[in-house]
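Peer 1: Handing you this structure, nothing more for now.
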Amino acid sequence: MSKKTKSFLDKTIREIPLYIMLLPAIIFVSIYSYGSMVGIVVAFQKFVPTKGLFGSEWIGFANFKNLFTMPSIWEVIRNTIVISLGKMVGGIIVPVVFALLLNEIKNLGIKRAVQTIVYIPNFLSWVILAGLFVDILSPSTGIVNQVIEKLGMQPVYFLGDKTVYPITMVITEIWKGFGFGSVIYLAALTGIDPSLYESAQIDGAGRWKQTLHITMPGIMTTIVLMTVLSMANILNGGFDQIYNTYSPAVYQTGDILDTFVYRLGIQNAQFAMSTAAGLFKSVVSFVFIIVSYYLADRVAGYKIY
Amino acid sequence: MNKRRKIKISASRQAFVAINAAVLTATALICLLPFVNLLATSFSDKMPVIAREVTFYPIGFNTAAYEFILQSNAFVTALWVSVKRTFLGVLINLVLIILTAYPLSKSDSEFRARKYFSWFFVLTILFQAGMIPTYLIVRYTGLMNTIWSLILPGALPVFSMLVVMNYMRSLPQELLEAAFIDGADHYKTLFWVVLPVSTPTIATVALFSLVGHWNSWFDGMIYMNTVDKYPLQSYLHTVVINPEAFFRNATNMSDALKRYLEMVNSRTTNAAQLFLGMIPILAVYPFLQKYFTTGLVLGSVKG
């Protein structure tokens, strides 16, 4: 045996335990992640579940053709983009403003108390929060409409009016996430060199100018990074939230790709059409994810691994 | 002149501080008051609730709604499914995260195939097959209607694994080399050297998994055929959103339970159920706040 072969063998033997460690994860990921990628073939079949993944008749792109001639699909795509864009914009602005304001609080006790309260909703499921919002936003019994009526206005059908519904979705999503979303900006704010503020004060810059010329540039990279990363979610309107709060009355403005895929596939057992719709989403999302990670790496050196 | 200007600034500063305090207090209240209202409802008598008198404190304080819920078999069964699912799920997640993160944290020369395996796992977060293909695979692998359908499809949370991997990679290499010189193999190094120093990161991802498993509801709904196998969040989805169904079931209950119906209505019991569903999250909340924050910062400065 040559020296080279021997060292190759030695190295491989030393690597064996590493392969063994990876084995369980490889098995599960192969079956459930890659297996379901194989399951995408269903989108190109006249799928009959009992015939297995490869037993049904192949019909090319007919499912996609049918899907995109459905009148509701364009509405659904529009709803998805409108709602997710609203969440994206609000999901950047509100946490940034909140972090800036919180950063001005010098009393640590108060700061912690506020943080403790506003982070809570982030950790609760949309099932729980939907239950909460259905209760407090109810036009007849909810406390929010009670306040609105006390102010002399008409009750608002937050979850039942198709004009208001998408706005409710954007606001409640921001309500859930802004507190925790601000953590990353607060971390960026503490990273700003305090001597910058000192020299700005000596130069006569007021608070507002300091914020504009030191604080904002200091957290700009983080803001850009979070904006770029949120782009990856352009087709995620928020299934958990919407599925738990919507009703046929608001389908016209509230039905998103994921809820549409669910109703088509699981409720109506239109597996093939539903898979086609899901695949459309996956492919578009894939492009957006790649672009957003690429940009995140370019602008902020962010790497997922 | 100079003096006047200074006073003016400090006056506007004072105004800012006051307004800022007011805005932040209002923000905190907007987050808190919905829960206070719900909690007050859950402890109130049904009459003031129907009359819309309950605001932020209970009226006709009683615990009937909670007693009623906790005596219902369906709720307790669902709670037990959730506990089991969360325990098994977090355990399996952690084992796979650790076993996967360690080899992938090695350098390319120590583990030549590292790059290929990394991409193998990362690709699954970049491209997801979607709801129906995953559903079909769960069906074809015979997991339908078993607790494993809630655990095995997500057995390896890739993002958490990457967080742990990045942490392991940042450990001082001398530590690992010293272990190898002392004759430890990969298993011993992982177990006795790497794991003990990785506890904060592992705690972080354990909490990620715990919250994830506890809060999951959709998988339970589509993979379980009967409501008695639903985890709590799927169960809560079914009854909170459809209170009519809840009362249809309630008519089949014993006389002892029926007297609760005079004190509770769907709003008070829903409120009580929602709070019971939150308890585990609120119980670990202090840890969440501590570890999630470090985890998030960890995740953002890697690379």
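Simple scheme: letters A, B, ... for chains in structure tokens order, numbers from 1 for residues in each chain, numbers from 1 for ligands in the order shown.
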Can you build me a table of chain A residues sitting at most 6 Å from chain B, with the closest atom pair per residue and its distance in Å to one decimal, using only C-alpha atoms, sorted by chain and residue number, as a Markdown table?

Peer 2:
```
| residue | atom | partner | partner_atom | distance |
| --- | --- | --- | --- | --- |
| A:Leu18 | CA | B:Pro103 | CA | 5.2 |
| A:Met21 | CA | B:Leu99 | CA | 5.1 |
| A:Leu22 | CA | B:Thr100 | CA | 5.2 |
| A:Ala25 | CA | B:Leu96 | CA | 5.9 |
| A:Tyr32 | CA | B:Pro153 | CA | 5.3 |
| A:Ser36 | CA | B:Pro133 | CA | 4.9 |
| A:Met37 | CA | B:Ala129 | CA | 4.9 |
| A:Gly39 | CA | B:Pro133 | CA | 4.7 |
| A:Ile40 | CA | B:Pro133 | CA | 5.9 |
| A:Val114 | CA | B:Ala28 | CA | 5.8 |
| A:Val118 | CA | B:Cys31 | CA | 5.8 |
| A:Ser125 | CA | B:Asn215 | CA | 5.0 |
| A:Val127 | CA | B:His237 | CA | 5.6 |
| A:Ile128 | CA | B:Leu274 | CA | 5.7 |
| A:Gly131 | CA | B:Val240 | CA | 6.0 |
| A:Thr275 | CA | B:Ile132 | CA | 5.7 |
| A:Gly278 | CA | B:Gly130 | CA | 5.4 |
| A:Phe286 | CA | B:Phe127 | CA | 5.6 |
| A:Lys303 | CA | B:Gly303 | CA | 5.1 |
```

Peer 1: Now that the selection is made, can you save its residues with C-alpha atoms as an mmCIF file, in the first residue's frame?

Peer 2:
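Done, and the output landed in out30.cif:
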```cif
data_model
loop_
_atom_site.group_PDB
_atom_site.id
_atom_site.type_symbol
_atom_site.label_atom_id
_atom_site.label_comp_id
_atom_site.auth_asym_id
_atom_site.auth_seq_id
_atom_site.Cartn_x
_atom_site.Cartn_y
_atom_site.Cartn_z
ATOM 1 C CA LEU A 18 -18.596 11.914 12.204
ATOM 2 C CA MET A 21 -23.305 11.083 14.080
ATOM 3 C CA LEU A 22 -24.824 12.593 10.950
ATOM 4 C CA ALA A 25 -30.453 13.467 10.817
ATOM 5 C CA TYR A 32 -39.356 14.216 5.223
ATOM 6 C CA SER A 36 -41.587 15.703 0.116
ATOM 7 C CA MET A 37 -39.579 17.433 -2.613
ATOM 8 C CA GLY A 39 -43.735 14.518 -3.686
ATOM 9 C CA ILE A 40 -43.862 17.616 -5.872
ATOM 10 C CA VAL A 114 -41.430 47.778 29.284
ATOM 11 C CA VAL A 118 -43.836 43.941 25.001
ATOM 12 C CA SER A 125 -49.186 30.976 19.261
ATOM 13 C CA VAL A 127 -54.242 30.086 18.062
ATOM 14 C CA ILE A 128 -54.110 31.753 21.468
ATOM 15 C CA GLY A 131 -58.770 33.624 20.481
ATOM 16 C CA THR A 275 -49.454 21.020 -4.792
ATOM 17 C CA GLY A 278 -47.713 25.336 -3.302
ATOM 18 C CA PHE A 286 -36.754 30.265 -3.348
ATOM 19 C CA LYS A 303 -24.124 34.384 6.270
#
```

Peer 1: Which residues, written as JSON, numbers by chain, have at least one atom at most 6 Å from Trp126 in chain A, with only C-alpha atoms counted and residues fewer than 4 positions away on the same chain left out?

Peer 2: {"A": [130, 240, 241]}

Peer 1: Per residue of range 87-132 of chain A within 10 Å of range 183-203 of chain A, record the nearest atom pair and its distance in Å to one decimal, counting only C-alpha atoms, with rows in chain order and ascending residue number, as CSV.

Peer 2:
```
residue,atom,partner,partner_atom,distance
A:Pro95,CA,A:Tyr185,CA,7.7
A:Val96,CA,A:Tyr185,CA,6.5
A:Val97,CA,A:Tyr185,CA,9.6
A:Phe98,CA,A:Tyr185,CA,9.3
A:Ala99,CA,A:Leu186,CA,5.7
A:Leu100,CA,A:Leu186,CA,7.8
A:Leu102,CA,A:Leu186,CA,8.3
A:Asn103,CA,A:Leu186,CA,7.1
A:Gln115,CA,A:Val183,CA,9.0
A:Tyr119,CA,A:Val183,CA,9.1
```

Peer 1: Please produce a file of those selected residues containing C-alpha atoms, as a CSV table (one decimal), in the first residue's frame.

Peer 2:
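Once everything was written out, this is selection-v2.csv:
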```
chain,number,residue,atom,x,y,z
A,95,PRO,CA,-39.4,48.1,16.0
A,96,VAL,CA,-36.8,50.7,14.9
A,97,VAL,CA,-38.9,53.6,16.3
A,98,PHE,CA,-39.6,51.7,19.5
A,99,ALA,CA,-35.9,50.8,19.9
A,100,LEU,CA,-34.9,54.4,19.4
A,102,LEU,CA,-36.6,52.9,24.5
A,103,ASN,CA,-32.9,53.7,24.1
A,115,GLN,CA,-39.3,45.2,27.5
A,119,TYR,CA,-41.9,40.7,24.3
```

Peer 1: If we count only C-alpha atoms, what is near Tyr167 in chain B at a cut-off of 8 Å, once residues fewer than 4 positions away on the same chain are taken out, given as a list in words?

Peer 2: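 Contacts, with the query itself left out: Val163, Leu171, Ser198 and Thr201 of chain B.
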
Peer 1: For the residues in the current selection, export N, CA and C atoms as an mmCIF file, in the first residue's frame.

Peer 2:
```cif
data_model
loop_
_atom_site.group_PDB
_atom_site.id
_atom_site.type_symbol
_atom_site.label_atom_id
_atom_site.label_comp_id
_atom_site.auth_asym_id
_atom_site.auth_seq_id
_atom_site.Cartn_x
_atom_site.Cartn_y
_atom_site.Cartn_z
ATOM 1 N N VAL B 163 -27.223 27.453 14.416
ATOM 2 C CA VAL B 163 -26.829 28.302 15.550
ATOM 3 C C VAL B 163 -25.828 27.550 16.428
ATOM 4 N N LEU B 171 -15.498 27.768 19.298
ATOM 5 C CA LEU B 171 -14.763 27.310 20.486
ATOM 6 C C LEU B 171 -13.263 27.280 20.175
ATOM 7 N N SER B 198 -21.038 24.277 25.764
ATOM 8 C CA SER B 198 -22.050 24.800 24.835
ATOM 9 C C SER B 198 -23.423 24.972 25.481
ATOM 10 N N THR B 201 -25.914 27.948 24.528
ATOM 11 C CA THR B 201 -26.473 27.865 23.175
ATOM 12 C C THR B 201 -27.484 26.733 23.082
#
```

Peer 1: One decimal, Å: what's the distance from CA of Ile27 in chain A over to CA of Met224 in chain B, could you say?

Peer 2: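 Interatomic distance, CA of Ile27 in chain A to CA of Met224 in chain B: 23.5 Å.
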
Peer 1: Residues within 12 Å of Thr63 in chain B, please, as a PyMOL selection string. Count only C-alpha atoms; anything in the same chain fewer than 2 positions from it doesn't count.

Peer 2: chain B and resi 39-46+58-61+65-70+260+263-264+268-269+271-272

Peer 1: Any idea what the distance is between CA of Leu91 in chain B and CA of Val197 in chain B?

Peer 2: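 Taking CA of Leu91 in chain B and CA of Val197 in chain B, their separation equals 19.1 Å.
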
Peer 1: Work out how far apart CA of Asp297 in chain A and CA of Ile174 in chain A are and give it in Å to one decimal.

Peer 2: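 Atom-to-atom, CA of Asp297 in chain A to CA of Ile174 in chain A, that is 26.1 Å.
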
Peer 1: For range 78-87 of chain A, list every protein, DNA or RNA residue within 7 Å, evaluated using only C-alpha atoms, and leave out those in the same chain fewer than 6 positions away; present the list as a ChimeraX atom specification.

Peer 2: /A:166,170,173-174,234-237,253-257
